[in-house]
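What follows is input19.tsv (TSV, C-alpha atoms and all ligand atoms).
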```tsv
chain	number	residue	atom	x	y	z
X	292	MET	CA	-7.32	-54.31	-54.16
X	293	LYS	CA	-7.94	-57.28	-56.42
X	294	ILE	CA	-11.55	-58.07	-57.16
X	295	THR	CA	-12.26	-61.58	-58.37
X	296	LEU	CA	-14.99	-62.62	-60.77
X	297	SER	CA	-16.89	-64.39	-58.02
X	298	ALA	CA	-16.75	-61.27	-55.91
X	299	LEU	CA	-18.15	-59.29	-58.80
X	300	ALA	CA	-20.95	-61.79	-59.19
X	301	ALA	CA	-21.78	-61.46	-55.51
X	302	PHE	CA	-21.56	-57.72	-55.88
X	303	ALA	CA	-24.15	-57.76	-58.64
X	304	SER	CA	-26.61	-59.71	-56.55
X	305	VAL	CA	-26.41	-57.44	-53.53
X	306	ALA	CA	-25.56	-54.20	-55.22
X	307	THR	CA	-28.26	-52.10	-53.62
X	308	ALA	CA	-27.73	-52.94	-49.96
X	309	HIS	CA	-25.32	-51.49	-47.42
X	310	PHE	CA	-25.77	-54.63	-45.37
X	311	ASN	CA	-28.67	-56.86	-44.37
X	312	MET	CA	-29.20	-58.76	-41.15
X	313	ASN	CA	-30.72	-62.09	-42.16
X	314	TYR	CA	-30.50	-64.01	-38.90
X	315	PRO	CA	-31.82	-63.37	-36.37
X	316	ALA	CA	-34.40	-61.60	-38.51
X	317	ALA	CA	-33.97	-57.85	-38.66
X	318	ARG	CA	-36.65	-55.70	-37.09
X	319	GLY	CA	-37.09	-54.14	-40.52
X	320	PHE	CA	-35.02	-52.84	-43.39
X	321	ASP	CA	-34.97	-49.53	-45.20
X	322	GLU	CA	-31.86	-49.07	-47.28
X	323	ASP	CA	-32.14	-45.30	-47.28
X	324	LYS	CA	-32.60	-45.05	-43.51
X	325	LEU	CA	-29.97	-47.52	-42.38
X	326	VAL	CA	-27.91	-44.55	-41.21
X	327	GLN	CA	-30.45	-43.72	-38.49
X	328	PHE	CA	-29.31	-44.64	-34.98
X	329	PRO	CA	-30.09	-46.90	-33.23
X	330	CYS	CA	-31.93	-49.33	-35.54
X	331	GLY	CA	-32.00	-47.97	-39.07
X	332	SER	CA	-35.28	-46.10	-38.47
X	333	PHE	CA	-37.11	-49.07	-36.88
X	334	ASP	CA	-37.69	-47.88	-33.34
X	335	THR	CA	-40.33	-50.35	-32.19
X	336	PRO	CA	-39.62	-53.98	-31.23
X	337	VAL	CA	-41.49	-56.63	-33.18
X	338	SER	CA	-43.79	-59.16	-31.55
X	339	ASN	CA	-42.47	-62.20	-33.41
X	340	ARG	CA	-39.03	-62.41	-31.83
X	341	THR	CA	-36.43	-64.90	-32.99
X	342	VAL	CA	-35.74	-67.58	-30.37
X	343	TRP	CA	-31.98	-67.30	-29.84
X	344	PRO	CA	-29.61	-69.26	-27.60
X	345	ILE	CA	-27.88	-67.99	-24.46
X	346	SER	CA	-24.64	-69.58	-25.59
X	347	ASN	CA	-23.14	-70.30	-29.01
X	348	GLY	CA	-25.50	-68.08	-30.95
X	349	SER	CA	-24.88	-67.03	-34.52
X	350	ILE	CA	-25.63	-63.98	-36.65
X	351	ALA	CA	-25.96	-64.00	-40.44
X	352	LEU	CA	-25.29	-60.83	-42.41
X	353	LEU	CA	-25.31	-60.04	-46.11
X	354	MET	CA	-22.52	-57.59	-46.85
X	355	GLY	CA	-22.84	-54.98	-49.59
X	356	HIS	CA	-19.54	-53.23	-48.97
X	357	ILE	CA	-16.35	-54.93	-50.03
X	358	ASP	CA	-14.79	-53.99	-46.69
X	359	ALA	CA	-16.63	-53.16	-43.47
X	360	ASN	CA	-15.96	-52.65	-39.78
X	361	VAL	CA	-18.54	-54.64	-37.85
X	362	GLU	CA	-19.50	-54.50	-34.18
X	363	VAL	CA	-22.30	-56.37	-32.38
X	364	LEU	CA	-24.03	-54.95	-29.31
X	365	ILE	CA	-27.08	-55.96	-27.30
X	366	GLY	CA	-29.69	-54.26	-25.15
X	367	PHE	CA	-31.73	-56.29	-22.68
X	368	GLY	CA	-35.43	-56.05	-21.96
X	369	ASN	CA	-38.62	-55.69	-23.95
X	370	ASP	CA	-37.56	-52.38	-25.49
X	371	PRO	CA	-33.97	-51.26	-24.90
X	372	GLY	CA	-34.60	-48.03	-26.79
X	373	SER	CA	-31.09	-46.94	-27.69
X	374	ALA	CA	-29.38	-48.53	-24.68
X	375	PHE	CA	-27.22	-51.06	-26.47
X	376	ASN	CA	-24.72	-51.04	-23.67
X	377	THR	CA	-23.26	-54.54	-23.83
X	378	VAL	CA	-20.71	-55.49	-26.46
X	379	LEU	CA	-21.27	-58.99	-27.80
X	380	ARG	CA	-18.47	-58.83	-30.36
X	381	PRO	CA	-15.87	-56.06	-30.50
X	382	THR	CA	-15.19	-54.41	-33.83
X	383	CYS	CA	-13.57	-56.55	-36.46
X	384	THR	CA	-13.00	-55.80	-40.12
X	385	GLU	CA	-14.87	-58.04	-42.54
X	386	GLN	CA	-13.71	-58.30	-46.14
X	387	GLY	CA	-15.74	-59.68	-49.03
X	388	LEU	CA	-19.21	-59.21	-50.44
X	389	GLY	CA	-22.19	-61.40	-49.72
X	390	ASN	CA	-22.87	-63.82	-46.90
X	391	PHE	CA	-21.03	-63.34	-43.63
X	392	CYS	CA	-21.70	-65.74	-40.74
X	393	MET	CA	-20.60	-64.82	-37.22
X	394	THR	CA	-20.69	-67.64	-34.68
X	395	GLY	CA	-19.92	-68.38	-31.05
X	396	PHE	CA	-21.90	-65.60	-29.39
X	397	SER	CA	-22.38	-66.14	-25.69
X	398	ILE	CA	-23.99	-63.82	-23.20
X	399	PRO	CA	-21.50	-62.62	-20.58
X	400	GLU	CA	-21.86	-64.23	-17.16
X	401	GLY	CA	-23.54	-62.37	-14.35
X	402	LEU	CA	-26.26	-60.66	-16.34
X	403	ASN	CA	-29.03	-62.91	-15.05
X	404	ILE	CA	-30.22	-63.87	-18.52
X	405	THR	CA	-32.59	-66.84	-18.50
X	406	ASP	CA	-35.07	-68.55	-20.78
X	407	GLY	CA	-37.71	-66.04	-21.73
X	408	THR	CA	-35.55	-62.94	-21.34
X	409	ASN	CA	-36.13	-60.49	-24.20
X	410	ALA	CA	-33.36	-58.49	-25.81
X	411	THR	CA	-32.43	-56.70	-29.01
X	412	ILE	CA	-29.22	-57.25	-30.95
X	413	GLN	CA	-27.73	-54.24	-32.74
X	414	VAL	CA	-25.21	-54.67	-35.55
X	415	VAL	CA	-23.23	-51.54	-36.40
X	416	THR	CA	-21.05	-51.11	-39.46
X	417	ASN	CA	-19.25	-48.09	-40.76
X	418	GLY	CA	-21.12	-45.88	-43.19
X	419	ASP	CA	-20.11	-44.81	-46.62
X	420	PRO	CA	-18.07	-42.86	-46.07
X	421	ASP	CA	-18.75	-41.93	-42.45
X	422	GLY	CA	-21.26	-42.26	-39.67
X	423	GLY	CA	-22.75	-45.66	-38.97
X	424	LEU	CA	-25.20	-48.14	-40.46
X	425	TYR	CA	-27.58	-49.98	-38.13
X	426	ASN	CA	-29.65	-53.15	-38.16
X	427	CYS	CA	-31.42	-54.55	-35.11
X	428	ALA	CA	-33.05	-57.90	-34.35
X	429	ASP	CA	-35.47	-58.61	-31.51
X	430	ILE	CA	-34.86	-61.93	-29.78
X	431	ILE	CA	-36.08	-64.04	-26.90
X	432	PHE	CA	-33.49	-66.19	-25.16
X	433	SER	CA	-33.91	-69.93	-24.85
X	434	THR	CA	-31.42	-72.61	-23.89
X	435	SER	CA	-33.27	-74.86	-26.35
X	436	ALA	CA	-33.26	-72.42	-29.26
X	437	PRO	CA	-33.05	-74.18	-32.61
X	438	ALA	CA	-29.98	-73.68	-34.75
X	439	PRO	CA	-30.56	-71.56	-37.85
X	440	ALA	CA	-31.73	-73.62	-40.82
X	441	ASP	CA	-29.10	-75.10	-43.11
X	442	GLY	CA	-27.55	-72.51	-45.35
X	443	VAL	CA	-28.84	-69.51	-43.40
X	444	CYS	CA	-25.53	-68.73	-41.71
X	445	LYS	CA	-22.75	-69.19	-44.22
X	446	ASN	CA	-19.71	-67.44	-45.63
X	447	GLU	CA	-18.73	-66.72	-49.17
X	448	THR	CA	-15.48	-68.42	-50.03
X	449	SER	CA	-13.94	-64.97	-50.37
X	450	THR	CA	-15.13	-63.75	-46.97
X	451	LYS	CA	-12.54	-63.20	-44.31
X	452	THR	CA	-12.25	-61.39	-41.03
X	453	VAL	CA	-9.23	-59.49	-39.86
X	454	ALA	CA	-8.37	-57.43	-36.82
X	455	ALA	CA	-10.10	-54.08	-36.84
X	456	THR	CA	-8.30	-51.34	-38.68
X	457	SER	CA	-9.36	-48.79	-36.09
X	458	ALA	CA	-9.73	-48.77	-32.32
X	459	LYS	CA	-12.87	-46.71	-32.74
X	460	GLN	CA	-16.42	-47.96	-33.15
X	461	PRO	CA	-17.59	-48.55	-36.72
X	462	ASN	CA	-19.81	-45.47	-36.66
X	463	GLU	CA	-16.93	-43.21	-35.74
X	464	THR	CA	-14.35	-44.54	-38.15
X	465	THR	CA	-13.54	-41.07	-39.37
X	466	GLY	CA	-13.79	-39.62	-35.91
X	467	THR	CA	-15.47	-36.41	-36.97
X	468	THR	CA	-19.15	-36.87	-37.65
X	469	THR	CA	-20.51	-38.89	-34.74
X	470	SER	CA	-22.25	-36.83	-32.10
X	471	SER	CA	-21.73	-37.95	-28.53
X	472	SER	CA	-25.43	-38.65	-28.18
X	473	SER	CA	-25.58	-41.17	-30.99
X	474	THR	CA	-23.73	-43.89	-29.11
X	475	PRO	CA	-23.93	-44.80	-25.43
X	476	SER	CA	-20.65	-43.77	-23.88
X	477	THR	CA	-20.53	-46.95	-21.86
X	478	SER	CA	-20.58	-49.18	-24.91
X	479	LYS	CA	-18.12	-46.96	-26.70
X	480	SER	CA	-15.55	-47.18	-23.94
X	481	ALA	CA	-16.23	-50.87	-23.47
X	482	ALA	CA	-15.72	-51.51	-27.15
X	483	VAL	CA	-12.48	-49.61	-27.25
X	484	ALA	CA	-11.23	-51.36	-24.13
X	485	ALA	CA	-12.15	-54.74	-25.55
X	486	LEU	CA	-10.45	-53.89	-28.81
X	487	ASN	CA	-7.28	-52.82	-27.11
X	488	ALA	CA	-7.30	-55.97	-25.01
X	489	GLY	CA	-8.21	-58.28	-27.83
X	490	PHE	CA	-5.93	-57.07	-30.54
X	491	GLY	CA	-3.10	-55.50	-28.59
X	492	GLY	CA	-2.66	-52.65	-30.98
X	493	LEU	CA	-2.30	-54.90	-34.00
X	494	VAL	CA	-2.52	-52.82	-37.14
X	495	MET	CA	-3.23	-54.22	-40.56
X	496	ALA	CA	-0.91	-52.44	-42.97
X	497	GLY	CA	-2.58	-50.61	-45.78
X	498	ALA	CA	-6.11	-51.59	-44.89
X	499	ALA	CA	-7.78	-48.23	-44.93
X	500	ALA	CA	-11.27	-49.47	-44.14
X	501	LEU	CA	-12.25	-48.83	-47.73
X	502	ALA	CA	-15.99	-48.43	-48.00
X	503	ILE	CA	-17.36	-48.63	-51.52
X	504	VAL	CA	-20.25	-46.25	-51.99
X	505	LEU	CA	-23.13	-48.10	-53.53
Z	601	CU	CU	-23.56	-48.90	-48.47
```

Would you write the structure of this file as structure tokens?
Ligand SMILES: [Cu+2]
Amino acid sequence: MKITLSALAAFASVATAHFNMNYPAARGFDEDKLVQFPCGSFDTPVSNRTVWPISNGSIALLMGHIDANVEVLIGFGNDPGSAFNTVLRPTCTEQGLGNFCMTGFSIPEGLNITDGTNATIQVVTNGDPDGGLYNCADIIFSTSAPAPADGVCKNETSTKTVAATSAKQPNETTGTTTSSSSTPSTSKSAAVAALNAGFGGLVMAGAAALAIVL
């Protein structure tokens, strides 16, 4: 894998983080406890929720692995606990260090989500080398939610997204270390089904979901 100078520069600036969730604001961040399901050791929702739209929402991450499988889930209510049962974005593979902006999130129809509904977004990436890494953000839905400020949700020029290299969830990339209790079975099967539907078995040759241990 070729690493460019700009990628190295980005690497230097984010060298200590697995990944950060910058927008909506993460519930909290502890690098050493990011492996703890469901929210990287932050089990209690915050009171200052980010106002987030029901359609066309965006999520800004800061990636510290040169290659990561990323999945976005959501749990509805004031405190979903670990019930992140709805897949907002099936697993994709992100490549490149630094800023990663995901856009176009819309809440599936039929869930009765209205202005004022609370929820928590969970972003899962694969660990280094196995298990998962978790960041959560508490939100309140509003059809008049402001867009993130300029520059908050952006991509490095080297960032790209490709079809997932595995039909499994990011936290079970190796398929051996995830206990059945660590992930709701409903979201797991939904994610796999969505993956199979969305990518039709497409396999990226040689992309071995390389996770650099930082
Ligand atoms: Cu890491």

>> Using all atoms listed in the file, can you tell me which of X:Asn360, X:Val415, X:Gly389, X:Pro329 comes closest to Ser373 of chain X?
In response: X:Pro329

>> List as a list of chain:residue names the protein and nucleic acid residues near Gln386 of chain X, meaning an atom at most 6 Å away when all atoms listed in the file are counted, but skip any in the same chain fewer than 2 places from it.
In response: X:Ile357, X:Asp358, X:Thr450, X:Lys451

> Taking (-15.1, -58.9, -49.2) in the file's coordinates as the center, which residues reach within 10 Å of it, counting only C-alpha atoms, put as a list of chain:residue names?
Replying inline: X:Ile294, X:Thr295, X:Ala298, X:Ala301, X:Phe302, X:Met354, X:Gly355, X:His356, X:Ile357, X:Asp358, X:Ala359, X:Thr384, X:Glu385, X:Gln386, X:Gly387, X:Leu388, X:Gly389, X:Asn390, X:Phe391, X:Glu447, X:Thr448, X:Ser449, X:Thr450, X:Lys451, X:Thr452

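Counting only C-alpha atoms and comparing X:Gln327, X:Gln413, X:Ser338, X:Gln460, the residue that lies closest to Leu352 of chain X is X:Gln413.
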
> Residues at most 12 Å from Gly368 of chain X, counting all atoms listed in the file, excluding those fewer than 2 positions away in the same chain, as a list in words?
Replying inline: Pro336, Ile365, Gly366, Asp370, Pro371, Gly372, Ser373, Ala374, Phe375, Asn376, Leu402, Asn403, Ile404, Thr405, Gly407, Thr408, Asn409, Ala410, Thr411, Ile412, Asp429, Ile430, Ile431 and Phe432 of chain X

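For the set X:Asp421, X:Glu400, X:Glu463, X:Asp441, the residue with the smallest atom-to-atom gap to ligand CU 601 (chain Z) is X:Asp421, counting only C-alpha atoms and all ligand atoms.
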
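Among X:Asn347, X:Thr341, X:Asn417, X:Thr335, the residue with the shortest atom-to-atom distance to ligand CU 601 (chain Z), counting all atoms listed in the file, is X:Asn417.
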
Work out where the centre of an axis-aligned box around every listed atom of segment 341-354 of chain X lies and how long its edges are once 8 Å is added on each side; give both in Å to one decimal as JSON.
```
{"center_x": -29.5, "center_y": -63.9, "center_z": -35.7, "size_x": 29.9, "size_y": 28.7, "size_z": 38.4}
```

> Mind pulling up the distance from atom CA of Phe333 of chain X to atom CA of Val414 of chain X?
Replying inline: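 Value for the atom CA of Val414 of chain X-atom CA of Phe333 of chain X distance: 13.2 Å.
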
>> Restricting the calculation to only C-alpha atoms and all ligand atoms: of X:Thr456, X:Thr382, X:Ser435, X:Thr416, which residue gets closest to ligand CU 601 (chain Z)?
In response: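 Ranked by minimum distance to ligand CU 601 (chain Z), first place goes to X:Thr416.
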
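Between ligand CU 601 (chain Z) and the candidates X:Lys459, X:Lys324, X:Arg380, X:Lys445, the tightest atom-to-atom separation, counting all atoms listed in the file, involves X:Lys324.
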
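Between atom CA of Ser397 of chain X and atom CA of Gly331 of chain X the interatomic distance comes to 24.5 Å.
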